[in-house]
Every structure is written in structure tokens, then in C-alpha cells.
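**Student:** Structure provided below as C-alpha cells; questions to follow.
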Amino acid sequence: MMCKMRKIGISIIATAVFLFCSLTLATAAESMILEYDGGTHEYNGEVYSLVVNNQLLDPPLSPIIFNDRALVPVREIFEEVGATVNYINDTQTIEVYSDDSYVELKINDNIAYINGDKTNIPDNVVPKLISKVGGETKTMVPVRFISENIGLDVEFDSNGGAIIIDSEDYENITGSEEPVIDDEPVYEPPVVQSYLTGISYDVAGDNKVNVTVQASEEINSYSDFELKAPERIVVDLPALKLNGVPENVAINECGVSAVRLGDNDERARVVIDVTNLRNYSVTQTAPNELTIEVTTRKIPAATPAPIVTAKPTAKPSKPARPAGTKLIVLDAGHGGSDSGAVGYMGGNAVLEKTLTLQITNRVKTILENAGYTVSMTRTGDTLPSLVERPTQANEENAAVFVSIHINSAEATDANGTEVFYAESNNGDTYGTTSEKLAKNILNRMLYYMNSTNRGVKTAEHAVTKRCNMPAALAEVGFISNPEEVYNMTTDEYQQKAAQGIAEGIMITLRDIEIPN
Ligand SMILES: [Zn+2]
């Protein structure tokens, strides 16, 4: 979902430089260990500060310089100047939108699209997923390339070691807008301001609390997500302001401690503080009303802590497999704080992470009933990292690895099934290739599902490329397509998809011989 944005423009203004001078910024050649492209790298380059709109930012990862070009964390920088940033996990695509232009890039890809026109990124300094060892992975993008293509200018102050971007005061400074003559009335379309006017809750069961918010006008859009540490549910209502509602409602029922409300220029935000969240759903219960149903886990009665006599020194070993057993590792995409793509059905959000786990569980059951051994990267609402998932398959000496995802597109008519493999992991491993695995899975899925054939495709997905065994990533259908999202929530269609995936795996396993 996109929201209307502020105008973005250029201004490298004197005050930015002045302010910057008054800040103590040190350029230092700092040594950092970074993880990217599947390996660790020592970084000894310059460390630049980032000054955006006269503010010194402290991004989780500072700009990284390759070939004299800086990669910066996309979200932290471009949201700060009012752009919209989307990252599509499955295709590793980054979209940065300003008011009148957009840039689309892909991780480790030199090809970019500016307003839909294909172009190459200069000096081959391509977007990368980079993390400091043990730190959060950031999506890093070439700062000048994006800035200039969405109409911003960037200043590198190499003496002070800063990258300066500014979007404020654009109209005053650049003069590129139509001049506004003070005496003449400026037409502005009437804006109907909508307010958040009501908040209430009721305890709907042992472990269920319904929180209801009301607005003065129809609610046209909202977004919701879950945050951890501390656990909370956030619902954002674009273009709403608070009006006469309390900003803090204590609840203290069933693990839901409070609801907090706030607003800024762009939206009202509802935050529900909760512990032991099991799940939640947001439903538009009336044109001007949303109900957030919060279900928590029962907290078990306190029991004495178990007495630990010895700390295990190693991970518990996996149950030994009989010689010749071909292990299948199944990977349900996303999970935990990463919902994956979000679809809507009758105003209810449908999360990719939920569908992937349901379908993956069905694949597991089919395979186990057929006598195969299956291991899962997740069995609940958890979020193993994109490194942990293939690492598990490698450590368990799996025969195949299959990741299950749901697609999403802005065009709601996009539909169909596709299966990916990574070209970098397509050797003849154990007697077959990832491409053959992908083809077998897609063929059997189409046979059962009757969906549009989008083909076998290649992509350097983080999970498949790191596997030592044949690996494929299936995109079952589009969560953004009204018909497919409905289908994918039904038992019948999920079972068809699962049967196809399972048979594709079983056909491939016939060719596989793995050393024990
Ligand atoms: Zn996905």
C-alpha cells in the first residue's frame, strides 16, 4: 500500500554544512568485519557520517564505500527524506518511490529500473545485504544513484567525512517550483480531516481481548504489524489524527496491558502492549471501525525451576538416521516478526508466514506418510535467519532443501505458480541438480493446482544458494490476487499445492544418492 507523500527535492543548503561543521564528525578508517555475499570480509574503508535534513543520523550500519561509491541503509536514509521504501523479500527487490519518480533495484544486480526504464548502476556498486558480525542485516544501496534519480542531490564532504542529503525547504531554495504570488488565492482541494474518535475494549474469552477503534470518517486503509522486545501490536491509520481520545488505556487483562495512541503528520498509531501473544487479527467491523482481536497464550502456573546439573557442551545431536536415508529439509518462508507478504480477504489480513507454514506442514505429512524423513527449519511462528535455514540443511546432510513462499505484486491480477533455484547452486550434486528439482516440483504443482505456469526461474535467494544440496524455492501463488489468496486459505487448495511439492520432491529423490 502506498501513501501520498511529501514533495521531495534538492537542497544542499548552507545551514546543513554549517551545522555539520559544528558537529564533531570524525572520518576514520575503521576496521569492521562485515558479512555479505555469503562470506565475511574485513572492511578498512573510510567511515562517513550521514547528515540528512540537518540531522546527524546514527544508522545501524554506517555507509560502506566500494569503488569510491557509498552504500547506505536504504530504509533509514530514504524514509528520512520522505520517500517510500519497499523491500520484497522473495525477489530481493528494493523499490524507492518519491512523489514523481521511482527506482527499482535488486540485491547483487547491476540492472536497475528508473521509472520503469532499464539502466545500469554505475561502477558496478550494486545493492547488498550487509551485516556486522552478529548484527542486523541491512539492505544497502548506492546513495548517489538513488538520490539523483529521485530528484535529490548528495554532497560528499570528504574533509569532514560526511554524506549530506537534504529534502527540506526545497520549494524555498531551488526555485524550480511555480512561483506563488501572495495576493492570489491558491487553490487547494478540500481535505476532509478524519479523526480517531473512540477507543474501547472487551474481554472476549479466557485469552482474548478485542480492542476497537473508531474514526470520524470511513477508514480507507490501515496497516498492522507485530514488534518484539517488548511485544506489541501496531496498527497505523494513515491521515488520521487523534481527537478527544485518551492516549493511554490501561487494560491488564489476559496479557494485554495497555493500548497507547499517538499521531503525527501522516498517521495515527495504535499500539497494543501484550505479553505472550499467540496471534492477532484486524477486522474492519464497520466502515469507520477496526477491531483488533488479540489472543494470548495461557501462562502456565509457576513451577519450581528445574535443577540443572550440567550444562550441555554441545547442541543435542540429531537422532541418527539409518544409512541411506534421504533427509528432506522443508523451509516455511518468513515467520515471527517477519510476516512476509500481506494479502487481504474481506478486510482481514492474510499473512504469507501463516500460509507457508500451513502448506509446509501438509508437505511434511504427505512425505512422512510415504516413509520419508523430514526436518523443518521452523515448526512454529519463529524466524530462523536466512543463514540458519540452509546451514541446518547442510549440517543435517540433507538430500534436498525446499523453501515454500507466497508471491505478491502490486497488480492484483498477477497470478500463478513459479519455482526458483539459484544458478550458483546448480551443480550435479548427489546425481541431480537444483534445476531438475525445481522443474519436478513445478510440474507436479501445476498438475494438481491448475494454476498459471510462471515457469522455473533463477534467483540468488539467500536460502537456496547457500545449500550444499539441490535446493528450490516454490512460490505457490499470489497473496495479492483476490482469487488466489482465497484459494490458498482453503484446506483443499493447500493440500493440492502440498501434494504437488511433495511429489516433485519424491520424483527427484529417486535420482539422488547421498554419501552417509
Ligand atoms: Zn516469501
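By convention here, the chains of the C-alpha cells are called A, B, ... in the order presented, each chain's residues are numbered starting at 1, and ligands are numbered starting at 1 in the order presented.
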Neighbours of ligand 1 within 8 Å, counting only C-alpha atoms and all ligand atoms, as number ranges by chain?

**Tutor:** A: 89-90, 333-334, 340-341, 352-353, 404-407, 475

**Student:** Please save N, CA and C atoms of the selected residues as an mmCIF file, in the first residue's frame.

**Tutor:**
data_model
loop_
_atom_site.group_PDB
_atom_site.id
_atom_site.type_symbol
_atom_site.label_atom_id
_atom_site.label_comp_id
_atom_site.auth_asym_id
_atom_site.auth_seq_id
_atom_site.Cartn_x
_atom_site.Cartn_y
_atom_site.Cartn_z
ATOM 1 N N ASN A 89 11.084 -9.369 -0.176
ATOM 2 C CA ASN A 89 11.990 -10.431 0.234
ATOM 3 C C ASN A 89 12.227 -11.481 -0.831
ATOM 4 N N ASP A 90 11.130 -11.948 -1.399
ATOM 5 C CA ASP A 90 11.229 -13.122 -2.248
ATOM 6 C C ASP A 90 12.064 -12.865 -3.494
ATOM 7 N N GLY A 333 8.643 -20.237 4.583
ATOM 8 C CA GLY A 333 9.166 -18.870 4.473
ATOM 9 C C GLY A 333 8.677 -17.962 5.589
ATOM 10 N N HIS A 334 9.575 -17.035 5.965
ATOM 11 C CA HIS A 334 9.247 -15.971 6.934
ATOM 12 C C HIS A 334 8.903 -16.554 8.319
ATOM 13 N N GLY A 340 6.206 -11.717 6.097
ATOM 14 C CA GLY A 340 6.211 -11.951 4.658
ATOM 15 C C GLY A 340 5.185 -11.035 4.008
ATOM 16 N N ALA A 341 4.742 -11.397 2.818
ATOM 17 C CA ALA A 341 3.775 -10.556 2.113
ATOM 18 C C ALA A 341 2.419 -10.616 2.840
ATOM 19 N N GLU A 352 1.643 -14.095 4.707
ATOM 20 C CA GLU A 352 2.413 -15.127 3.998
ATOM 21 C C GLU A 352 2.969 -16.159 4.981
ATOM 22 N N LYS A 353 3.480 -15.690 6.136
ATOM 23 C CA LYS A 353 4.128 -16.617 7.072
ATOM 24 C C LYS A 353 3.160 -17.691 7.572
ATOM 25 N N ILE A 404 9.277 -22.756 0.903
ATOM 26 C CA ILE A 404 7.912 -22.517 0.419
ATOM 27 C C ILE A 404 7.494 -21.088 0.738
ATOM 28 N N HIS A 405 7.106 -20.365 -0.304
ATOM 29 C CA HIS A 405 6.734 -18.953 -0.172
ATOM 30 C C HIS A 405 5.443 -18.654 -0.923
ATOM 31 N N ILE A 406 4.923 -17.473 -0.658
ATOM 32 C CA ILE A 406 3.743 -16.971 -1.376
ATOM 33 C C ILE A 406 4.162 -15.654 -2.012
ATOM 34 N N ASN A 407 3.793 -15.478 -3.267
ATOM 35 C CA ASN A 407 4.179 -14.299 -4.018
ATOM 36 C C ASN A 407 3.297 -13.100 -3.709
ATOM 37 N N GLU A 475 7.054 -20.593 -5.153
ATOM 38 C CA GLU A 475 6.095 -19.515 -4.890
ATOM 39 C C GLU A 475 4.733 -20.075 -5.290
#

**Student:** Please list as a PyMOL selection string every residue within 12 Å of Ile233 of chain A, counting only C-alpha atoms and excluding residues in the same chain fewer than 2 positions away.

**Tutor:** chain A and resi 211+223-231+235-236+256-261+269-282+292-296+337

**Student:** Would you list the contacts of Gly380 of chain A as number ranges by chain, taking every protein, DNA or RNA residue within 10 Å and counting only C-alpha atoms, but skipping same-chain residues closer than 5 positions in sequence?

**Tutor:** A: 332, 335-336, 353-354, 357-358

**Student:** Within 8 Å of Tyr421 of chain A, counting only C-alpha atoms, which residues qualify if same-chain residues fewer than 2 places away don't, as a VMD selection string?

**Tutor:** chain A and resid 419 423 425 to 426 434 to 435 438 456 to 461 464 to 465 471 to 473

**Student:** Would you output that residue set with C-alpha atoms, as a PDB file, in the first residue's frame?

**Tutor:**
ATOM      1  CA  VAL A 419       9.694 -22.266  -8.689  1.00  0.00           C
ATOM      2  CA  GLU A 423      22.359 -20.806 -10.545  1.00  0.00           C
ATOM      3  CA  ASN A 425      23.910 -23.917  -6.532  1.00  0.00           C
ATOM      4  CA  ASN A 426      23.114 -25.976  -9.582  1.00  0.00           C
ATOM      5  CA  SER A 434      18.556 -27.845  -8.333  1.00  0.00           C
ATOM      6  CA  GLU A 435      17.045 -27.042 -11.720  1.00  0.00           C
ATOM      7  CA  ALA A 438      12.585 -27.043  -9.343  1.00  0.00           C
ATOM      8  CA  VAL A 456      11.097 -22.297 -13.443  1.00  0.00           C
ATOM      9  CA  LYS A 457      13.233 -19.245 -12.750  1.00  0.00           C
ATOM     10  CA  THR A 458      16.640 -18.493 -11.367  1.00  0.00           C
ATOM     11  CA  ALA A 459      17.358 -16.168  -8.472  1.00  0.00           C
ATOM     12  CA  GLU A 460      20.154 -16.000  -5.963  1.00  0.00           C
ATOM     13  CA  HIS A 461      17.899 -16.439  -2.969  1.00  0.00           C
ATOM     14  CA  THR A 464      18.864 -21.797  -1.813  1.00  0.00           C
ATOM     15  CA  LYS A 465      22.267 -20.509  -2.838  1.00  0.00           C
ATOM     16  CA  ALA A 471      17.554 -26.641  -3.417  1.00  0.00           C
ATOM     17  CA  ALA A 472      14.438 -24.947  -4.752  1.00  0.00           C
ATOM     18  CA  LEU A 473      12.085 -22.194  -3.655  1.00  0.00           C
TER      19      LEU A 473
END

**Student:** Neighbouring residues of segment 483-490 of chain A were defined as those with any atom within 8 Å, considering only C-alpha atoms; residues of the same chain fewer than 2 positions away were excluded. Please report them as a VMD selection string.

**Tutor:** chain A and resid 343 to 345 350 355 415 477 to 481 492 to 494

**Student:** For a test of reading the model, state the distance in Å between atom CA of Pro246 of chain A and atom CA of Ile199 of chain A, rounded to one decimal.

**Tutor:**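 Atom-to-atom, atom CA of Pro246 of chain A and atom CA of Ile199 of chain A are spaced 7.9 Å apart.
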
**Student:** Run DSSP on the backbone and grab whatever in segment 330-480 of chain A lands in helix (DSSP H, G or I); send it over as a PyMOL selection string.

**Tutor:** chain A and resi 352-369+388-395+423-425+434-449+462-465

**Student:** DSSP says strand (DSSP E) for which residues of segment 61-143 of chain A? Put them as a CSV table (one decimal) with C-alpha atoms, in the first residue's frame?

**Tutor:**
chain,number,residue,atom,x,y,z
A,64,ILE,CA,30.2,1.4,3.2
A,65,ILE,CA,32.5,2.6,0.4
A,66,PHE,CA,33.1,0.4,-2.6
A,69,ARG,CA,30.8,4.9,-4.1
A,70,ALA,CA,28.8,4.7,-0.9
A,71,LEU,CA,26.2,2.1,0.0
A,72,VAL,CA,23.8,3.3,2.7
A,73,PRO,CA,21.0,1.6,4.6
A,84,THR,CA,8.6,5.3,0.4
A,85,VAL,CA,10.8,2.2,0.6
A,86,ASN,CA,9.6,-1.3,-0.1
A,87,TYR,CA,11.7,-4.4,0.1
A,88,ILE,CA,10.3,-7.5,-1.5
A,93,THR,CA,13.8,-6.2,-4.9
A,94,ILE,CA,14.1,-2.7,-3.5
A,95,GLU,CA,11.7,0.0,-4.5
A,96,VAL,CA,12.2,3.6,-3.6
A,97,TYR,CA,9.4,6.0,-4.5
A,102,TYR,CA,10.8,5.6,-8.6
A,103,VAL,CA,13.8,3.4,-8.6
A,104,GLU,CA,13.8,-0.3,-8.5
A,105,LEU,CA,16.9,-2.3,-7.8
A,106,LYS,CA,17.8,-5.9,-6.9
A,111,ILE,CA,20.5,-3.7,-13.5
A,112,ALA,CA,18.1,-1.1,-12.2
A,113,TYR,CA,14.9,0.5,-13.4
A,114,ILE,CA,14.3,4.2,-13.2
A,117,ASP,CA,13.4,2.2,-17.8
A,118,LYS,CA,16.2,-0.2,-17.6
A,119,THR,CA,19.6,1.1,-16.8
A,120,ASN,CA,22.9,0.0,-15.3
A,128,LYS,CA,23.9,-5.7,-1.0
A,129,LEU,CA,22.6,-7.3,2.2
A,130,ILE,CA,25.3,-6.5,4.7
A,131,SER,CA,25.6,-7.0,8.4
A,132,LYS,CA,28.2,-6.5,11.0
A,138,LYS,CA,20.7,-4.1,6.4
A,139,THR,CA,19.7,-3.6,2.8
A,140,MET,CA,22.5,-1.3,1.5
A,141,VAL,CA,22.0,0.7,-1.7
A,142,PRO,CA,24.1,3.1,-3.8

**Student:** Which of these, A:Ala497, A:Leu152, A:Leu237, A:Ile107, has the shortest distance to Tyr36 of chain A once you count only C-alpha atoms?

**Tutor:** A:Ile107

**Student:** Quick one: which segment 401-443 of chain A residues come within 12 Å of segment 370-378 of chain A, and what is the nearest atom pair for each with the distance in Å to one decimal, counting only C-alpha atoms, rows ordered by chain and ascending number, as CSV?

**Tutor:**
residue,atom,partner,partner_atom,distance
A:Phe401,CA,A:Ser375,CA,9.6
A:Val402,CA,A:Met376,CA,9.9
A:Ser403,CA,A:Thr377,CA,9.3
A:Ile404,CA,A:Thr377,CA,11.1

**Student:** Can I get the selected residues back with C-alpha atoms, as a PDB file, in the first residue's frame?

**Tutor:**
ATOM      1  CA  PHE A 401      16.078 -28.389   0.559  1.00  0.00           C
ATOM      2  CA  VAL A 402      12.749 -26.858  -0.411  1.00  0.00           C
ATOM      3  CA  SER A 403      11.599 -23.427   0.671  1.00  0.00           C
ATOM      4  CA  ILE A 404       7.912 -22.517   0.419  1.00  0.00           C
TER       5      ILE A 404
END

**Student:** From the list A:Ile507, A:Ala502, A:Asn369, A:Ala239, which residue is nearest Lys436 of chain A when using only C-alpha atoms?

**Tutor:** A:Ile507

**Student:** Nearest to Met445 of chain A among A:Arg232, A:Arg466, A:Lys496, A:Arg362, with distances taken over only C-alpha atoms: which residue is it?

**Tutor:**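 Among A:Arg232, A:Arg466, A:Lys496, A:Arg362, it is A:Lys496 that comes nearest to Met445 of chain A.
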
**Student:** What lies within 12 Å of Tyr447 of chain A using only C-alpha atoms, ignoring chain neighbours under 2 positions off, as a PyMOL selection string?

**Tutor:** chain A and resi 417+440-445+449-453+496-501+503-504

**Student:** Can I get the selection written as a CSV table (one decimal), in the first residue's frame, with N, CA and C atoms?

**Tutor:**
chain,number,residue,atom,x,y,z
A,417,THR,N,2.0,-19.8,-10.4
A,417,THR,CA,2.9,-20.6,-9.6
A,417,THR,C,4.3,-20.6,-10.3
A,440,ASN,N,10.7,-30.5,-11.4
A,440,ASN,CA,9.8,-31.6,-10.9
A,440,ASN,C,8.7,-31.0,-10.0
A,441,ILE,N,9.1,-30.1,-9.1
A,441,ILE,CA,8.1,-29.5,-8.2
A,441,ILE,C,7.1,-28.7,-8.9
A,442,LEU,N,7.5,-27.9,-9.8
A,442,LEU,CA,6.6,-27.0,-10.6
A,442,LEU,C,5.6,-27.9,-11.4
A,443,ASN,N,6.2,-28.9,-12.1
A,443,ASN,CA,5.3,-29.8,-12.9
A,443,ASN,C,4.2,-30.4,-12.1
A,444,ARG,N,4.5,-30.9,-10.9
A,444,ARG,CA,3.5,-31.6,-10.1
A,444,ARG,C,2.6,-30.6,-9.4
A,445,MET,N,3.1,-29.4,-9.1
A,445,MET,CA,2.2,-28.4,-8.5
A,445,MET,C,1.1,-28.0,-9.6
A,449,MET,N,-2.8,-28.1,-9.1
A,449,MET,CA,-3.4,-26.8,-8.7
A,449,MET,C,-4.1,-26.2,-9.9
A,450,ASN,N,-3.6,-26.5,-11.1
A,450,ASN,CA,-4.2,-25.9,-12.3
A,450,ASN,C,-4.0,-24.4,-12.4
A,451,SER,N,-3.0,-23.9,-11.8
A,451,SER,CA,-2.7,-22.5,-11.7
A,451,SER,C,-1.9,-22.1,-13.0
A,452,THR,N,-1.7,-20.8,-13.2
A,452,THR,CA,-0.9,-20.3,-14.3
A,452,THR,C,0.5,-20.7,-14.1
A,453,ASN,N,1.1,-21.2,-15.2
A,453,ASN,CA,2.5,-21.6,-15.2
A,453,ASN,C,3.4,-20.4,-15.4
A,496,LYS,N,-3.6,-29.5,-2.4
A,496,LYS,CA,-3.2,-29.7,-3.8
A,496,LYS,C,-1.7,-29.2,-4.0
A,497,ALA,N,-1.5,-28.0,-3.4
A,497,ALA,CA,-0.1,-27.4,-3.5
A,497,ALA,C,0.9,-28.3,-2.8
A,498,ALA,N,0.5,-28.8,-1.6
A,498,ALA,CA,1.4,-29.6,-0.9
A,498,ALA,C,1.7,-31.0,-1.6
A,499,GLN,N,0.6,-31.5,-2.2
A,499,GLN,CA,0.8,-32.8,-2.9
A,499,GLN,C,1.7,-32.6,-4.0
A,500,GLY,N,1.6,-31.5,-4.8
A,500,GLY,CA,2.5,-31.2,-5.9
A,500,GLY,C,3.9,-31.1,-5.4
A,501,ILE,N,4.1,-30.3,-4.4
A,501,ILE,CA,5.5,-30.1,-3.9
A,501,ILE,C,6.1,-31.5,-3.4
A,503,GLU,N,5.3,-34.5,-4.3
A,503,GLU,CA,5.6,-35.5,-5.4
A,503,GLU,C,6.8,-35.0,-6.1
A,504,GLY,N,6.9,-33.7,-6.4
A,504,GLY,CA,8.1,-33.2,-7.0
A,504,GLY,C,9.4,-33.6,-6.3

**Student:** Could you give me, as a PDB file with N, CA, C and O atoms, in the first residue's frame, the residues within 8 Å of Lys364 of chain A, counting only C-alpha atoms and dropping anything in the same chain fewer than 3 positions from it?

**Tutor:**
ATOM      1  N   LEU A 330      12.512 -28.975   4.851  1.00  0.00           N
ATOM      2  CA  LEU A 330      11.463 -28.080   4.363  1.00  0.00           C
ATOM      3  C   LEU A 330      11.570 -26.756   5.110  1.00  0.00           C
ATOM      4  O   LEU A 330      11.778 -26.728   6.325  1.00  0.00           O
ATOM      5  N   THR A 360       3.577 -26.007   4.292  1.00  0.00           N
ATOM      6  CA  THR A 360       4.777 -26.796   4.583  1.00  0.00           C
ATOM      7  C   THR A 360       4.439 -27.975   5.502  1.00  0.00           C
ATOM      8  O   THR A 360       4.927 -29.091   5.310  1.00  0.00           O
ATOM      9  N   ASN A 361       3.589 -27.729   6.493  1.00  0.00           N
ATOM     10  CA  ASN A 361       3.168 -28.821   7.379  1.00  0.00           C
ATOM     11  C   ASN A 361       2.469 -29.928   6.596  1.00  0.00           C
ATOM     12  O   ASN A 361       2.627 -31.110   6.889  1.00  0.00           O
ATOM     13  N   LEU A 367       4.927 -36.461   2.969  1.00  0.00           N
ATOM     14  CA  LEU A 367       6.218 -37.143   2.822  1.00  0.00           C
ATOM     15  C   LEU A 367       6.419 -38.189   3.916  1.00  0.00           C
ATOM     16  O   LEU A 367       6.885 -39.299   3.645  1.00  0.00           O
ATOM     17  N   GLU A 368       6.049 -37.826   5.138  1.00  0.00           N
ATOM     18  CA  GLU A 368       6.242 -38.774   6.243  1.00  0.00           C
ATOM     19  C   GLU A 368       5.332 -39.999   6.082  1.00  0.00           C
ATOM     20  O   GLU A 368       5.745 -41.130   6.348  1.00  0.00           O
ATOM     21  N   VAL A 374      11.755 -36.089   7.346  1.00  0.00           N
ATOM     22  CA  VAL A 374      11.636 -34.660   7.076  1.00  0.00           C
ATOM     23  C   VAL A 374      12.134 -33.865   8.274  1.00  0.00           C
ATOM     24  O   VAL A 374      11.880 -34.227   9.420  1.00  0.00           O
ATOM     25  N   ALA A 502       5.309 -32.214  -2.659  1.00  0.00           N
ATOM     26  CA  ALA A 502       5.800 -33.485  -2.116  1.00  0.00           C
ATOM     27  C   ALA A 502       6.154 -34.454  -3.248  1.00  0.00           C
ATOM     28  O   ALA A 502       7.206 -35.104  -3.227  1.00  0.00           O
TER      29      ALA A 502
END

**Student:** Smallest atom-to-atom distance to Gly198 of chain A: which of A:Asp338, A:Glu46, A:Glu155, A:Glu289, using only C-alpha atoms?

**Tutor:**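 So, comparing all the options, the nearest one is A:Glu289.
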
**Student:** Just the number, please: distance in Å from atom CA of Leu327 of chain A to atom CA of Ala399 of chain A, one decimal.

**Tutor:** 5.4 Å

**Student:** Could you tell me which of A:Gly38, A:Leu196, A:Asp166, A:Val126 comes closest to Asn54 of chain A if we count only C-alpha atoms?

**Tutor:**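 Among A:Gly38, A:Leu196, A:Asp166, A:Val126, it is A:Asp166 that comes nearest to Asn54 of chain A.
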
**Student:** Pick the closest to Gln495 of chain A from A:Ala250, A:Ile366, A:Leu351, A:Leu383: which is it, counting only C-alpha atoms?

**Tutor:** A:Ile366

**Student:** Record the distance separating atom CA of Pro390 of chain A and atom CA of Thr40 of chain A, expressed in Å with one decimal.

**Tutor:** 16.7 Å
